[in-house]
Amino acid sequence: MASGCLYAILGTAPEASHQELKSCYQKAILQCHPDKLPQTCSEAEQAAAMQRFHLVDTAWRTLSDDASRREYDARQKENMRKPLPLNEKVHLDDMDWQEDEEMYTYSCRCGGEYVMTDSDIEQNILIISCNTCTLSIELVMEDTLKSGRTFLQTDDVHITP
Ligand SMILES: [Zn+2]
C-alpha cells in the first residue's frame with residue numbers, strides 16, 4: 001500500500017488551521033464516499049475508493065484531535081530526520097501491470113510486493129511501501145508520461161507534498 005503523510009491525504013499542509021483541515025476533509029471524503037461513486041465504476045475502482053475513504057477517515061481522526069495531531073506532528077518531525085529506507089527507484093514501466101486487479105506490482109527483495117493503483121498515481125503518491133517489510137520504492141514519473149498511459153486529472157485536488 002502506498003504511504004503518504006496525513007496532511008497530503010487530506011490535500012492540505014501541516015500549517016493548516018483546524019477549520020481548513022475540516023473543509024479539506026469534507027471535500028476529500030466526498031470524492032471517495034461509497035455512496036457517491038458512479039454506478040458504472042468497476043470493482044477495482046470501488047476498492048480503490050474504499051481504501052482512500054479509510055485513509056481520509058483515519059487522517060481526519062488523527063488530525064482533528066489537538067492532542068493526537070501534536071503527537072503526529074512530533075512523530076513526523078522525528079521521521080524527517082531519518083531518511084526513508086528507500087530500496088530503489090523504479091520506473092512505472094518496470095512494474096508489472098495486473099490486468100485482473102487493475103494495479104501495478106513490483107517484487108521486493110524480501111519476497112513481498114509493492115502495490116500501486118491508478119488512484120495512487122493520480123494522487124501523486126510516489127513512495128510505495130512494501131506490503132511485508134519496511135522498505136519503500138520511489139516511483140520515477142517522467143518516464144511514465146512517455147510510456148503513453150494517461151491518467152485522469154483531478155483538477156480540484158491539491159496535494160501538497
Ligand atoms: Zn519487502
# chains A, B, ... in the order shown; residues from 1 in each chain; ligands from 1
call {"tool": "residues_around", "arguments": {"residues": "A:Thr117", "least_positions_apart": "3", "cutoff": "8 Å", "atoms": "only C-alpha atoms", "output": "PyMOL selection string"}}
result
chain A and resi 48+102-104+120-121
call {"tool": "residues_around", "arguments": {"residues": "stretch 29-41 of chain A", "least_positions_apart": "2", "cutoff": "7 Å", "atoms": "only C-alpha atoms", "output": "PyMOL selection string"}}
result
chain A and resi 25-27+43+45-46+49-50+52-53+56
call {"tool": "write_last_selection", "arguments": {"atoms": "C-alpha atoms", "output": "PDB file, in the first residue's frame"}}
result
ATOM      1  CA  TYR A  25     -11.568  16.571   4.945  1.00  0.00           C
ATOM      2  CA  GLN A  26     -15.161  17.166   3.881  1.00  0.00           C
ATOM      3  CA  LYS A  27     -14.062  17.709   0.302  1.00  0.00           C
ATOM      4  CA  GLU A  43     -14.869  -3.296  -8.634  1.00  0.00           C
ATOM      5  CA  GLU A  45     -12.332   1.462  -8.683  1.00  0.00           C
ATOM      6  CA  GLN A  46     -14.671   0.765  -5.805  1.00  0.00           C
ATOM      7  CA  ALA A  49     -12.155   4.431  -3.405  1.00  0.00           C
ATOM      8  CA  MET A  50     -12.803   2.373  -0.289  1.00  0.00           C
ATOM      9  CA  ARG A  52      -8.926   6.043   0.040  1.00  0.00           C
ATOM     10  CA  PHE A  53     -12.053   6.520   2.133  1.00  0.00           C
ATOM     11  CA  VAL A  56      -9.045  10.043   4.620  1.00  0.00           C
TER      12      VAL A  56
END
call {"tool": "residues_near_ligand", "arguments": {"ligand": "ligand 1", "cutoff": "7 Å", "atoms": "only C-alpha atoms and all ligand atoms", "output": "list in words"}}
result
Cys108, Arg109, Cys110, Gly111, Gly112, Glu113, Cys130, Asn131, Thr132, Cys133, Thr134 and Leu135 of chain A
call {"tool": "select_by_dssp", "arguments": {"residues": "chain A", "states": "helix (DSSP H, G or I)", "output": "MDAnalysis selection string"}}
result
chainID A and resid 6:9 18:32 34:36 43:63 66:81 92:94 118:122 142:146
call {"tool": "select_by_dssp", "arguments": {"residues": "chain A", "states": "strand (DSSP E or B)", "output": "ChimeraX atom specification"}}
result
/A:2,86-91,96-98,103-107,113-117,127-130,136-140
call {"tool": "write_last_selection", "arguments": {"atoms": "N, CA and C atoms", "output": "short mmCIF file (atom, residue, chain, number, x, y, z; two decimals), in the first residue's frame"}}
result
data_model
loop_
_atom_site.label_atom_id
_atom_site.label_comp_id
_atom_site.auth_asym_id
_atom_site.auth_seq_id
_atom_site.Cartn_x
_atom_site.Cartn_y
_atom_site.Cartn_z
N ALA A 2 0.46 2.23 -0.72
CA ALA A 2 1.25 3.46 -0.79
C ALA A 2 1.14 4.23 0.52
N LEU A 86 14.79 3.62 1.57
CA LEU A 86 14.42 3.52 0.17
C LEU A 86 15.21 2.39 -0.49
N ASN A 87 14.51 1.42 -0.99
CA ASN A 87 15.13 0.27 -1.62
C ASN A 87 15.73 0.67 -2.97
N GLU A 88 14.91 1.23 -3.83
CA GLU A 88 15.40 1.66 -5.14
C GLU A 88 14.39 2.57 -5.81
N LYS A 89 14.82 3.18 -6.90
CA LYS A 89 13.91 3.97 -7.71
C LYS A 89 13.42 3.08 -8.85
N VAL A 90 12.14 3.13 -9.09
CA VAL A 90 11.55 2.23 -10.07
C VAL A 90 10.71 3.03 -11.06
N HIS A 91 10.86 2.70 -12.31
CA HIS A 91 10.01 3.32 -13.33
C HIS A 91 8.71 2.52 -13.42
N ASP A 96 4.89 -4.52 -12.90
CA ASP A 96 4.03 -5.44 -13.64
C ASP A 96 2.58 -5.00 -13.53
N TRP A 97 1.96 -4.85 -14.68
CA TRP A 97 0.54 -4.46 -14.72
C TRP A 97 -0.32 -5.69 -14.52
N GLN A 98 -1.12 -5.70 -13.47
CA GLN A 98 -2.02 -6.84 -13.20
C GLN A 98 -3.38 -6.52 -13.78
N MET A 103 -3.93 -3.07 -11.16
CA MET A 103 -2.92 -2.36 -10.38
C MET A 103 -1.53 -2.83 -10.78
N TYR A 104 -0.54 -2.03 -10.40
CA TYR A 104 0.85 -2.37 -10.69
C TYR A 104 1.46 -3.06 -9.48
N THR A 105 2.28 -4.07 -9.75
CA THR A 105 3.00 -4.69 -8.64
C THR A 105 4.49 -4.74 -8.99
N TYR A 106 5.30 -4.82 -7.96
CA TYR A 106 6.74 -4.91 -8.14
C TYR A 106 7.27 -5.75 -6.98
N SER A 107 8.10 -6.73 -7.29
CA SER A 107 8.56 -7.63 -6.24
C SER A 107 9.65 -6.99 -5.39
N GLU A 113 5.64 -7.55 -1.83
CA GLU A 113 5.29 -6.83 -3.05
C GLU A 113 5.00 -5.36 -2.79
N TYR A 114 5.33 -4.55 -3.78
CA TYR A 114 4.90 -3.16 -3.79
C TYR A 114 3.68 -3.09 -4.69
N VAL A 115 2.62 -2.47 -4.21
CA VAL A 115 1.39 -2.41 -4.99
C VAL A 115 1.02 -0.95 -5.23
N MET A 116 0.71 -0.65 -6.49
CA MET A 116 0.43 0.72 -6.88
C MET A 116 -0.85 0.73 -7.70
N THR A 117 -1.82 1.53 -7.32
CA THR A 117 -3.04 1.63 -8.12
C THR A 117 -3.05 2.94 -8.90
N ILE A 127 5.85 7.30 -3.28
CA ILE A 127 6.65 6.41 -2.43
C ILE A 127 5.73 5.24 -2.06
N ILE A 128 6.15 4.05 -2.40
CA ILE A 128 5.32 2.88 -2.15
C ILE A 128 6.02 2.01 -1.11
N SER A 129 5.29 1.61 -0.10
CA SER A 129 5.86 0.74 0.92
C SER A 129 5.61 -0.71 0.55
N CYS A 130 6.57 -1.54 0.88
CA CYS A 130 6.42 -2.98 0.69
C CYS A 130 5.30 -3.47 1.60
N SER A 136 10.82 0.88 1.06
CA SER A 136 9.95 1.60 0.13
C SER A 136 10.66 1.73 -1.20
N ILE A 137 9.88 1.94 -2.24
CA ILE A 137 10.48 2.30 -3.51
C ILE A 137 9.92 3.65 -3.92
N GLU A 138 10.68 4.36 -4.72
CA GLU A 138 10.20 5.63 -5.24
C GLU A 138 9.89 5.46 -6.71
N LEU A 139 8.69 5.87 -7.08
CA LEU A 139 8.28 5.76 -8.47
C LEU A 139 8.80 6.98 -9.23
N VAL A 140 9.49 6.72 -10.34
CA VAL A 140 10.03 7.81 -11.15
C VAL A 140 9.01 8.12 -12.23
#
call {"tool": "residues_around", "arguments": {"residues": "A:Thr58", "least_positions_apart": "2", "cutoff": "12 Å", "atoms": "only C-alpha atoms", "output": "PyMOL selection string"}}
result
chain A and resi 5-7+9-10+25+29+51-56+60-65+68-69
call {"tool": "atom_distance", "arguments": {"atom1": "atom CA of A:Gly11", "atom2": "atom CA of A:Gln123"}}
result
9.2 Å
